[in-house]
>>> print(open('final.txt').read())   # compact mmCIF, C-alpha atoms
# COMPACT_ATOMS: atom_id res chain seq x y z
CA MET A 1 -13.90 -28.34 31.53
CA LYS A 2 -12.36 -26.38 28.72
CA LYS A 3 -8.91 -27.28 27.56
CA PRO A 4 -6.24 -24.62 27.85
CA PHE A 5 -5.42 -22.79 24.64
CA ASP A 6 -2.29 -23.69 22.78
CA ARG A 7 -0.70 -20.33 23.33
CA ARG A 8 2.34 -20.83 21.19
CA SER A 9 0.33 -21.68 18.14
CA PHE A 10 -2.46 -19.23 18.72
CA LEU A 11 -1.01 -16.48 16.63
CA ARG A 12 1.33 -17.48 13.90
CA LEU A 13 2.90 -14.53 12.28
CA SER A 14 4.34 -16.49 9.46
CA ALA A 15 6.81 -14.03 8.13
CA PHE A 16 7.90 -10.52 8.01
CA SER A 17 9.71 -7.80 6.42
CA ILE A 18 10.35 -6.22 3.91
CA GLY A 19 11.82 -3.77 1.75
CA ALA A 20 9.04 -1.47 0.95
CA GLY A 21 7.15 -2.96 3.76
CA ALA A 22 6.11 -6.32 4.93
CA LEU A 23 3.61 -8.79 3.72
CA LEU A 24 2.55 -10.65 6.80
CA HIS A 25 0.52 -13.78 7.05
CA LEU A 26 -1.24 -14.19 10.37
CA ASN A 27 -3.07 -17.25 11.50
CA PRO A 28 -4.75 -16.43 14.78
CA LEU A 29 -5.95 -19.97 15.38
CA ALA A 30 -3.31 -22.04 13.65
CA SER A 31 -5.80 -24.85 13.12
CA ARG A 32 -5.92 -25.85 16.79
CA ALA A 33 -9.25 -27.10 17.91
CA GLU A 34 -8.59 -25.75 21.38
CA ALA A 35 -8.81 -22.26 20.01
CA ALA A 36 -12.56 -22.55 19.60
CA GLY A 37 -12.93 -20.72 22.90
CA ILE A 38 -11.09 -17.73 21.53
CA ARG A 39 -13.24 -17.81 18.42
CA ASP A 40 -16.32 -17.69 20.61
CA LEU A 41 -14.84 -14.90 22.70
CA PHE A 42 -14.18 -12.66 19.70
CA HIS A 43 -17.51 -13.53 18.14
CA HIS A 44 -19.45 -12.63 21.26
CA ARG A 45 -17.45 -9.48 21.81
CA ASN A 46 -17.46 -7.95 18.37
CA GLY A 47 -18.69 -10.44 15.80
CA GLU A 48 -15.17 -11.11 14.56
CA SER A 49 -14.41 -14.41 12.93
CA PRO A 50 -10.80 -15.45 13.57
CA GLU A 51 -9.14 -16.89 10.49
CA ALA A 52 -5.88 -16.63 8.60
CA PHE A 53 -5.23 -13.45 6.70
CA THR A 54 -2.43 -11.34 5.29
CA LEU A 55 -1.45 -7.76 5.76
CA VAL A 56 1.15 -5.40 4.38
CA GLN A 57 3.21 -2.96 6.38
CA LEU A 58 4.57 0.11 4.62
CA SER A 59 6.70 2.69 6.33
CA ASP A 60 8.56 5.95 6.00
CA THR A 61 7.41 7.06 2.58
CA HIS A 62 8.52 10.65 3.38
CA VAL A 63 6.43 12.20 0.63
CA GLY A 64 7.97 15.57 -0.15
CA PHE A 65 11.53 14.62 0.72
CA GLN A 66 14.12 15.87 -1.69
CA GLY A 67 17.78 15.19 -1.28
CA PRO A 68 20.82 13.25 -2.38
CA PRO A 69 19.98 9.98 -0.60
CA ASP A 70 16.99 9.60 -2.91
CA PRO A 71 16.57 11.76 -6.02
CA LEU A 72 13.56 9.69 -7.04
CA GLY A 73 11.08 11.16 -4.59
CA THR A 74 7.94 9.04 -4.41
CA LYS A 75 8.95 6.52 -7.08
CA ALA A 76 9.67 3.68 -4.66
CA PHE A 77 6.35 4.30 -2.89
CA GLU A 78 4.49 4.27 -6.20
CA ARG A 79 6.31 1.14 -7.28
CA ALA A 80 5.38 -0.53 -4.01
CA VAL A 81 1.73 0.38 -4.58
CA ASP A 82 1.87 -1.19 -8.05
CA THR A 83 3.54 -4.28 -6.64
CA ILE A 84 0.91 -4.74 -3.95
CA ASN A 85 -1.91 -4.16 -6.41
CA ALA A 86 -0.47 -6.90 -8.58
CA LEU A 87 -0.59 -9.52 -5.82
CA ASP A 88 -2.95 -12.35 -6.70
CA ARG A 89 -4.24 -12.45 -3.17
CA GLN A 90 -4.87 -8.97 -1.89
CA PRO A 91 -4.03 -8.40 1.78
CA ASP A 92 -6.83 -7.61 4.19
CA LEU A 93 -5.08 -4.59 5.67
CA ILE A 94 -2.30 -2.17 4.99
CA LEU A 95 -0.59 -0.59 7.98
CA PHE A 96 1.48 2.56 7.49
CA THR A 97 3.91 2.96 10.37
CA GLY A 98 4.67 6.65 10.19
CA ASP A 99 6.65 9.32 8.39
CA LEU A 100 4.12 9.25 5.61
CA THR A 101 5.25 12.77 4.76
CA HIS A 102 8.40 14.79 5.14
CA ASP A 103 7.78 17.85 7.27
CA SER A 104 7.89 21.44 6.10
CA GLU A 105 8.05 24.69 8.07
CA ASP A 106 5.28 25.87 5.75
CA SER A 107 2.09 24.18 6.98
CA ALA A 108 0.36 24.71 3.61
CA GLU A 109 3.22 22.90 1.91
CA HIS A 110 3.06 20.13 4.49
CA ALA A 111 -0.68 19.80 3.83
CA ARG A 112 0.06 19.39 0.12
CA ARG A 113 2.42 16.56 0.99
CA PHE A 114 -0.32 14.82 2.98
CA ALA A 115 -2.62 15.21 -0.01
CA ARG A 116 0.02 13.75 -2.32
CA PHE A 117 0.48 10.81 0.07
CA GLN A 118 -3.25 10.16 0.00
CA GLU A 119 -3.34 10.41 -3.77
CA ILE A 120 -0.67 7.70 -4.11
CA ALA A 121 -2.01 5.49 -1.30
CA GLY A 122 -5.47 5.88 -2.79
CA ARG A 123 -4.34 3.85 -5.79
CA LEU A 124 -4.10 0.77 -3.58
CA ARG A 125 -6.81 -1.78 -4.23
CA VAL A 126 -6.89 -2.51 -0.52
CA LYS A 127 -9.19 0.02 1.03
CA LYS A 128 -8.69 -0.83 4.71
CA ARG A 129 -5.62 1.26 5.42
CA LEU A 130 -4.52 2.28 8.90
CA HIS A 131 -1.95 4.88 9.84
CA VAL A 132 0.15 6.06 12.75
CA PRO A 133 2.20 9.25 12.59
CA GLY A 134 5.96 9.61 12.50
CA GLU A 135 7.79 12.63 13.87
CA HIS A 136 7.99 14.12 10.38
CA ASP A 137 4.18 13.99 10.19
CA ALA A 138 3.20 15.19 13.61
CA ALA A 139 6.00 16.49 15.84
CA LEU A 140 6.05 20.12 14.70
CA ASP A 141 2.29 20.73 14.91
CA GLY A 142 1.36 18.22 17.61
CA GLY A 143 -0.43 16.04 15.08
CA VAL A 144 -2.92 18.64 13.80
CA LEU A 145 -2.45 17.88 10.09
CA PHE A 146 -2.30 14.14 10.70
CA ARG A 147 -5.64 14.21 12.54
CA GLU A 148 -7.21 16.26 9.77
CA HIS A 149 -6.31 13.56 7.27
CA PHE A 150 -6.46 10.31 9.23
CA GLY A 151 -8.21 10.88 12.55
CA GLU A 152 -6.80 10.06 15.97
CA THR A 153 -3.13 9.23 16.35
CA HIS A 154 -3.85 6.25 18.62
CA TYR A 155 -6.72 3.79 18.49
CA SER A 156 -7.48 0.09 18.41
CA PHE A 157 -9.62 -2.35 16.46
CA ASP A 158 -10.15 -6.07 15.97
CA HIS A 159 -9.66 -7.96 12.76
CA ARG A 160 -10.35 -11.66 12.31
CA GLY A 161 -9.37 -12.58 15.83
CA VAL A 162 -6.40 -10.25 16.25
CA HIS A 163 -6.50 -7.11 18.38
CA PHE A 164 -4.63 -4.24 16.72
CA VAL A 165 -3.35 -1.25 18.69
CA ALA A 166 -2.03 1.93 17.04
CA LEU A 167 0.31 3.87 19.33
CA ASP A 168 1.57 7.42 18.88
CA ASN A 169 5.12 7.97 20.13
CA VAL A 170 5.90 11.12 18.15
CA SER A 171 3.32 13.90 18.38
CA ARG A 172 4.53 15.27 21.71
CA GLY A 173 7.76 16.22 19.99
CA LYS A 174 9.69 13.83 22.23
CA PRO A 175 10.08 10.07 21.76
CA VAL A 176 7.39 9.27 24.29
CA VAL A 177 3.98 7.64 24.41
CA GLY A 178 2.91 9.51 27.54
CA ALA A 179 1.05 8.55 30.71
CA GLU A 180 -2.38 9.36 29.31
CA GLN A 181 -1.99 7.06 26.32
CA ILE A 182 -0.47 4.31 28.47
CA ASP A 183 -3.51 4.49 30.76
CA TRP A 184 -5.72 4.25 27.68
CA LEU A 185 -3.76 1.21 26.52
CA ARG A 186 -4.17 -0.46 29.91
CA ARG A 187 -7.95 0.08 29.81
CA ASP A 188 -8.16 -1.02 26.19
CA LEU A 189 -6.31 -4.28 26.81
CA ALA A 190 -8.20 -5.05 30.01
CA ARG A 191 -11.12 -6.18 27.85
CA TYR A 192 -9.10 -9.09 26.47
CA ALA A 193 -7.90 -12.39 27.80
CA HIS A 194 -4.14 -12.72 28.12
CA THR A 195 -4.25 -15.28 25.35
CA ALA A 196 -5.65 -12.81 22.81
CA PRO A 197 -3.20 -12.13 19.96
CA ILE A 198 -2.15 -8.49 19.86
CA VAL A 199 -0.43 -6.54 17.11
CA VAL A 200 0.89 -3.10 18.09
CA PHE A 201 1.90 -0.76 15.31
CA THR A 202 3.81 2.42 15.98
CA HIS A 203 6.60 4.52 14.53
CA ARG A 204 9.58 4.39 16.84
CA PRO A 205 10.94 1.22 18.41
CA LEU A 206 9.52 0.56 21.87
CA PHE A 207 12.90 -0.61 23.16
CA ASP A 208 16.38 0.96 23.28
CA LEU A 209 17.70 0.04 19.87
CA LYS A 210 20.13 2.96 19.46
CA PRO A 211 19.18 5.86 21.74
CA GLU A 212 21.94 8.18 20.52
CA TRP A 213 20.38 7.89 17.05
CA GLU A 214 16.99 8.48 18.68
CA TRP A 215 15.99 4.90 17.93
CA PHE A 216 14.03 4.38 21.12
CA THR A 217 10.92 5.43 23.02
CA ALA A 218 11.68 6.88 26.44
CA ASP A 219 8.69 5.24 28.11
CA GLY A 220 8.66 2.18 25.84
CA ASP A 221 9.41 -0.05 28.81
CA GLN A 222 6.20 1.12 30.49
CA VAL A 223 4.27 0.25 27.34
CA MET A 224 5.86 -3.18 27.23
CA ASN A 225 5.07 -3.70 30.93
CA VAL A 226 1.39 -3.15 30.13
CA LEU A 227 1.69 -5.65 27.29
CA ALA A 228 3.73 -8.16 29.31
CA PRO A 229 0.80 -10.28 30.57
CA TYR A 230 -0.31 -10.93 27.00
CA GLU A 231 1.19 -14.03 25.54
CA SER A 232 1.19 -13.18 21.86
CA VAL A 233 2.40 -9.63 21.21
CA THR A 234 3.86 -8.46 17.91
CA VAL A 235 5.13 -4.89 17.49
CA LEU A 236 5.49 -3.48 13.99
CA TYR A 237 7.37 -0.23 13.62
CA GLY A 238 9.36 1.92 11.19
CA HIS A 239 11.57 4.96 11.80
CA ILE A 240 14.92 3.20 11.45
CA HIS A 241 14.74 2.75 7.66
CA ARG A 242 16.08 -0.77 7.82
CA GLU A 243 14.90 -4.26 8.58
CA HIS A 244 15.33 -5.32 12.18
CA HIS A 245 13.96 -8.04 14.43
CA GLN A 246 14.13 -8.12 18.21
CA GLN A 247 12.55 -10.00 21.06
CA THR A 248 11.85 -8.43 24.45
CA GLY A 249 10.26 -10.79 26.93
CA SER A 250 7.85 -12.79 24.83
CA ALA A 251 7.10 -9.88 22.48
CA GLN A 252 8.45 -9.81 18.94
CA HIS A 253 9.44 -6.47 17.37
CA HIS A 254 9.85 -6.06 13.60
CA ALA A 255 10.97 -2.95 11.72
CA ALA A 256 10.09 -2.38 8.08
CA ARG A 257 12.42 -0.68 5.67
CA SER A 258 11.76 2.77 4.30
CA LEU A 259 10.45 3.75 0.89
CA ILE A 260 12.78 6.70 0.53
CA PHE A 261 16.33 5.79 1.64
CA ALA A 262 18.06 3.39 4.00
CA PHE A 263 20.08 3.93 7.15
CA PRO A 264 23.19 1.84 7.86
CA ASP A 265 23.64 -0.77 10.55
CA PRO A 266 24.46 1.20 13.73
CA ALA A 267 26.72 -1.60 14.84
CA LEU A 268 28.99 -0.93 11.86
CA VAL A 269 29.17 2.86 11.62
CA ALA A 270 29.43 5.73 14.07
CA ASP A 271 27.35 8.34 12.29
CA LYS A 272 23.71 8.20 11.37
CA LYS A 273 23.92 9.09 7.71
CA PRO A 274 21.70 7.68 4.97
CA LEU A 275 23.25 5.10 2.71
CA PRO A 276 24.23 6.83 -0.53
CA PHE A 277 22.02 6.53 -3.57
CA ASP A 278 23.25 3.99 -6.08
CA PRO A 279 22.06 4.84 -9.61
CA THR A 280 22.78 1.28 -10.71
CA GLN A 281 20.42 -0.03 -8.03
CA PRO A 282 17.95 2.82 -7.45
CA PHE A 283 15.68 0.89 -5.12
CA HIS A 284 18.42 -1.00 -3.33
CA ASN A 285 17.31 -1.70 0.25
CA LEU A 286 13.82 -0.51 -0.69
CA GLY A 287 12.53 -3.62 -2.42
CA ILE A 288 9.61 -5.66 -1.24
CA ARG A 289 10.02 -9.04 0.31
CA LYS A 290 6.94 -11.02 -0.41
CA ILE A 291 5.93 -13.85 1.87
CA VAL A 292 3.77 -16.50 0.31
CA GLU A 293 1.85 -19.02 2.31
CA GLY A 294 2.56 -22.50 1.14
CA GLY A 295 3.50 -25.93 2.37
CA ARG A 296 4.89 -26.35 5.83
CA SER A 297 6.70 -23.06 5.81
CA PRO A 298 6.14 -19.78 4.01
CA ARG A 299 7.99 -19.19 0.79
CA ILE A 300 9.91 -15.95 0.67
CA GLU A 301 10.26 -14.11 -2.63
CA ASP A 302 12.17 -10.88 -3.01
CA VAL A 303 10.18 -8.68 -5.30
CA GLU A 304 12.51 -6.46 -7.27
CA LEU A 305 11.19 -2.95 -7.48
CA THR A 306 13.74 -2.11 -10.13
CA ALA A 307 12.14 -2.18 -13.53
CA ARG A 308 13.48 -1.83 -17.03
CA GLU A 309 13.02 1.91 -17.19
CA VAL A 310 15.22 2.49 -14.16
CA SER A 311 18.11 0.30 -15.17
CA GLY A 312 21.15 2.44 -15.77
CA THR A 313 21.74 6.16 -15.62
CA GLU A 314 19.46 6.99 -18.53
CA GLY A 315 16.53 5.33 -16.82
CA ILE A 316 17.24 7.23 -13.63
CA GLN A 317 17.08 10.52 -15.50
CA GLN A 318 13.72 9.53 -16.94
CA LEU A 319 12.40 8.85 -13.46
CA ILE A 320 13.70 12.14 -12.11
CA LYS A 321 12.05 14.05 -14.96
CA GLY A 322 8.83 12.24 -14.33
CA GLU A 323 8.73 13.17 -10.66
CA SER A 324 6.12 15.73 -9.78
CA SER A 325 7.43 18.75 -7.96
CA LEU A 326 6.54 19.07 -4.30
CA MET B 1 27.33 36.71 70.84
CA LYS B 2 26.12 38.71 67.83
CA LYS B 3 29.66 38.82 66.48
CA ALA B 4 29.99 35.06 66.78
CA LEU B 5 26.73 34.51 64.90
CA LEU B 6 27.78 36.90 62.15
CA THR B 7 31.09 35.10 61.81
CA LEU B 8 29.29 31.77 61.60
CA PHE B 9 26.92 33.13 58.94
CA ILE B 10 29.83 34.42 56.86
CA LEU B 11 31.64 31.10 57.15
CA ILE B 12 28.55 29.21 56.01
CA ALA B 13 28.03 31.62 53.10
CA VAL B 14 31.63 31.33 51.98
CA SER B 15 31.51 27.56 52.30
CA ALA B 16 28.33 27.40 50.22
CA GLN B 17 29.90 29.64 47.61
CA GLU B 18 32.93 27.41 47.45
CA ARG B 19 30.70 24.38 46.86
CA ALA B 20 28.51 26.06 44.24
CA PRO B 21 28.74 23.97 41.09
CA ARG B 22 30.33 25.31 37.97
CA VAL B 23 27.80 26.47 35.42
CA VAL B 24 28.19 25.38 31.81
CA GLU B 25 26.10 27.39 29.37
CA ILE B 26 24.75 25.56 26.33
CA THR B 27 22.82 27.28 23.58
CA ALA B 28 20.41 25.33 21.42
CA LYS B 29 19.13 26.46 18.04
CA LYS B 30 18.17 24.74 14.81
CA PHE B 31 20.08 22.43 14.39
CA GLU B 32 23.08 22.68 16.69
CA PHE B 33 24.29 22.97 20.22
CA SER B 34 26.93 25.53 21.08
CA PRO B 35 29.38 24.44 22.25
CA ASN B 36 29.02 20.98 20.77
CA VAL B 37 31.67 19.52 23.10
CA ILE B 38 31.79 20.21 26.84
CA THR B 39 34.43 18.90 29.24
CA LEU B 40 33.54 18.12 32.86
CA LYS B 41 35.49 16.72 35.78
CA LYS B 42 34.66 13.40 37.34
CA GLY B 43 33.25 13.84 40.83
CA GLU B 44 32.79 17.60 40.48
CA PRO B 45 29.25 18.96 40.61
CA VAL B 46 28.25 20.93 37.54
CA THR B 47 25.17 22.80 36.38
CA LEU B 48 24.20 22.54 32.72
CA ARG B 49 22.12 25.55 31.71
CA LEU B 50 20.36 25.07 28.39
CA THR B 51 19.00 28.09 26.52
CA SER B 52 17.00 27.92 23.29
CA THR B 53 17.20 30.88 20.97
CA ASP B 54 14.49 29.75 18.57
CA ARG B 55 12.05 26.90 19.27
CA ALA B 56 11.55 23.94 21.59
CA HIS B 57 14.57 21.68 21.94
CA GLY B 58 15.65 18.86 24.21
CA LEU B 59 18.94 17.70 25.67
CA LEU B 60 19.23 14.00 26.35
CA VAL B 61 22.40 12.62 27.95
CA GLN B 62 21.30 9.10 28.60
CA ALA B 63 24.52 8.10 30.39
CA PHE B 64 23.66 10.54 33.22
CA HIS B 65 19.87 10.29 33.02
CA ILE B 66 19.64 13.91 31.93
CA ASP B 67 16.56 14.77 29.88
CA LEU B 68 15.94 18.51 29.57
CA ASP B 69 13.25 20.34 27.63
CA VAL B 70 13.31 24.00 26.84
CA GLU B 71 10.91 26.25 24.96
CA GLY B 72 12.09 28.86 22.51
CA GLY B 73 13.56 31.92 24.20
CA GLN B 74 13.77 30.23 27.57
CA SER B 75 16.36 28.48 29.74
CA THR B 76 16.38 25.45 31.96
CA GLU B 77 19.11 23.77 33.96
CA VAL B 78 20.13 20.64 35.78
CA THR B 79 22.85 20.02 38.35
CA PHE B 80 24.59 16.69 38.61
CA THR B 81 27.92 15.10 39.45
CA PRO B 82 29.44 12.91 36.76
CA GLY B 83 30.66 9.72 38.39
CA VAL B 84 32.41 8.10 35.47
CA SER B 85 35.00 9.20 32.95
CA GLY B 86 34.60 8.94 29.24
CA SER B 87 33.01 10.48 26.21
CA PHE B 88 29.22 10.43 26.12
CA PRO B 89 26.84 11.34 23.30
CA ALA B 90 24.07 13.87 23.84
CA ILE B 91 21.24 14.61 21.44
CA CYS B 92 18.34 16.94 20.98
CA ASP B 93 15.39 14.65 21.59
CA HIS B 94 12.64 17.17 20.91
CA TYR B 95 11.96 17.09 17.18
CA CYS B 96 12.82 20.54 15.82
CA GLY B 97 12.77 20.17 12.03
CA SER B 98 14.40 18.41 9.14
CA GLY B 99 17.94 18.85 10.44
CA HIS B 100 17.02 17.55 13.89
CA GLY B 101 18.88 14.28 13.40
CA ASN B 102 22.17 16.14 13.22
CA MET B 103 21.67 18.11 16.43
CA LYS B 104 24.02 16.46 18.88
CA MET B 105 26.95 17.13 21.17
CA VAL B 106 29.53 15.28 23.22
CA VAL B 107 29.99 15.34 26.98
CA VAL B 108 33.58 14.53 27.94
CA VAL B 109 34.28 13.64 31.57
CA GLU B 110 37.93 13.63 32.65
>>> encode(input="final.txt", output="structure tokens")
Amino acid sequence: MKKPFDRRSFLRLSAFSIGAGALLHLNPLASRAEAAGIRDLFHHRNGESPEAFTLVQLSDTHVGFQGPPDPLGTKAFERAVDTINALDRQPDLILFTGDLTHDSEDSAEHARRFARFQEIAGRLRVKKRLHVPGEHDAALDGGVLFREHFGETHYSFDHRGVHFVALDNVSRGKPVVGAEQIDWLRRDLARYAHTAPIVVFTHRPLFDLKPEWEWFTADGDQVMNVLAPYESVTVLYGHIHREHHQQTGSAQHHAARSLIFAFPDPALVADKKPLPFDPTQPFHNLGIRKIVEGGRSPRIEDVELTAREVSGTEGIQQLIKGESSL
Amino acid sequence: MKKALLTLFILIAVSAQERAPRVVEITAKKFEFSPNVITLKKGEPVTLRLTSTDRAHGLLVQAFHIDLDVEGGQSTEVTFTPGVSGSFPAICDHYCGSGHGNMKMVVVVE
């Protein structure tokens, strides 16, 4: 008789978040011998070999945005790419959780912004990059441009013993996933045991974080009901331009910061206005938090995106001049 | 007998007219509602009629479970009776462009 799996230790998401994104270390087996059954299950199903790995989450790059909250355009995004490329241990995956581009009423201009995003993201050494759309990418055209560049707006795949699900809660214009996609999710998950570790990545939060700021998904509770039987569910999202962690049921939700500007804490202010740009700290709230596996607990290092050339007003002007026009 | 029926019909019609909810017209366009504050009375039925003059918009008043969608150049409406007093936020929840985040209004119930 097989021993029951150690469900609590099955998926260890060692750390999160994240400035420019999140470097996550996942250990789907957490060295428990009992997990051999899961290893066999994934191997038989798709040839996957569950083992520890890292990934990076980047969000809300808003390529093409121009405005007072961030006069530096894509500089934080480019700095994040350089920072990730410099990591000794390259992550297996990079997940982009939406608002890759800033929308434009001119579809040709919006297409140029997608191309610019791909040009910058293409500098990453990590080639396995997955994307979901944000409303700025896909709400005005129903996801047409997004699909041209990245394929479907929702999909799933397995990686080293973890089942990843990309959900689209933007392309209908409203903050909804929709009945059709929820049915797809139900069928997709039905192939897996309830002990299988699942990572959902999407743009908007799947719970009511701040509905009057549109920080919610109207049918997010239906999505979470479908996920409820699964014992290890992690939801990675963006949209809110700030770090946030929440638990609903047994699911853990983690928001990554933006790479363009930050929003304030809704518990502290009434209006949803971006935090003002600080020329003395141009990437403030946009820096990367790096999580390093080591010892009994992960070591957290804040990676400062600010470099010598952007220290002080003169450096800021250099960066602005160097920004390509979009 | 005919006269009695006619009288009854008129009474019913008048009664229905008296109970017809007040209609509040709201216009939506990028990126504002007009008016951006409406005042309702607690316990009094009201119809919100939303008209878009440009593109698709939404009107979400979560406190009253109101979630309207309207296409450009069209109108839609909902009738409800506010049961609580207060000031409630309402937003456009159909993404309509870069100023979408500022498209909001307030529903005041006295």
>>> closest_atom_pairs(input="final.txt", of="chain A", to="chain B", cutoff="8 Å", atoms="only C-alpha atoms", output="CSV")
residue,atom,partner,partner_atom,distance
A:Asp103,CA,B:Ser98,CA,6.9
A:Ser104,CA,B:Gly97,CA,7.8
A:Glu105,CA,B:Gly97,CA,7.6
A:Glu135,CA,B:Tyr95,CA,6.9
A:His136,CA,B:Ser98,CA,7.8
A:Ala139,CA,B:Tyr95,CA,6.1
A:Leu140,CA,B:Cys96,CA,6.9
A:Gly173,CA,B:His94,CA,5.1
A:Lys174,CA,B:His94,CA,4.6
A:Pro175,CA,B:Asp93,CA,7.0
A:Pro211,CA,B:Gln62,CA,7.9
A:Glu212,CA,B:Pro89,CA,6.5
A:Trp213,CA,B:Gly101,CA,7.5
A:Glu214,CA,B:Asp93,CA,7.0
>>> closest_residue(input="final.txt", among="A:Ile84, A:Leu93, A:Leu167, A:Ile240", to="A:Arg129", atoms="only C-alpha atoms")
A:Leu93
>>> residues_near_point(input="final.txt", point="(26.7, 18.1, 20.8)", cutoff="8 Å", atoms="all atoms listed in the file", output="list of chain:residue names")
B:Glu32, B:Phe33, B:Ser34, B:Pro35, B:Asn36, B:Val37, B:Pro89, B:Ala90, B:Ile91, B:Met103, B:Lys104, B:Met105, B:Val106, B:Val107
>>> residues_around(input="final.txt", residues="stretch 182-185 of chain A", least_positions_apart="2", cutoff="10 Å", atoms="all atoms listed in the file", output="list in words")
His154, Tyr155, Ser156, Val165, Ala166, Leu167, Val177, Gly178, Ala179, Glu180, Arg187, Asp188, Leu189, Ala190, Asp219, Gly220, Gln222, Val223, Met224, Val226 and Leu227 of chain A
>>> residues_around(input="final.txt", residues="A:Asn285", least_positions_apart="4", cutoff="8 Å", atoms="only C-alpha atoms", output="list in words")
Gly19, Arg242, Arg257, Phe261 and Ala262 of chain A
>>> write_last_selection(input="final.txt", atoms="C-alpha atoms", output="mmCIF file, in the frame of the given file")
data_model
loop_
_atom_site.group_PDB
_atom_site.id
_atom_site.type_symbol
_atom_site.label_atom_id
_atom_site.label_comp_id
_atom_site.auth_asym_id
_atom_site.auth_seq_id
_atom_site.Cartn_x
_atom_site.Cartn_y
_atom_site.Cartn_z
ATOM 1 C CA GLY A 19 11.820 -3.770 1.750
ATOM 2 C CA ARG A 242 16.080 -0.770 7.820
ATOM 3 C CA ARG A 257 12.420 -0.680 5.670
ATOM 4 C CA PHE A 261 16.330 5.790 1.640
ATOM 5 C CA ALA A 262 18.060 3.390 4.000
#
>>> closest_residue(input="final.txt", among="A:His253, A:His239, A:His163, A:Arg147", to="A:Asp60", atoms="all atoms listed in the file")
A:His239
>>> closest_residue(input="final.txt", among="A:Gln118, A:Thr97, A:Thr153, A:Asn169", to="A:Val81", atoms="all atoms listed in the file")
A:Gln118
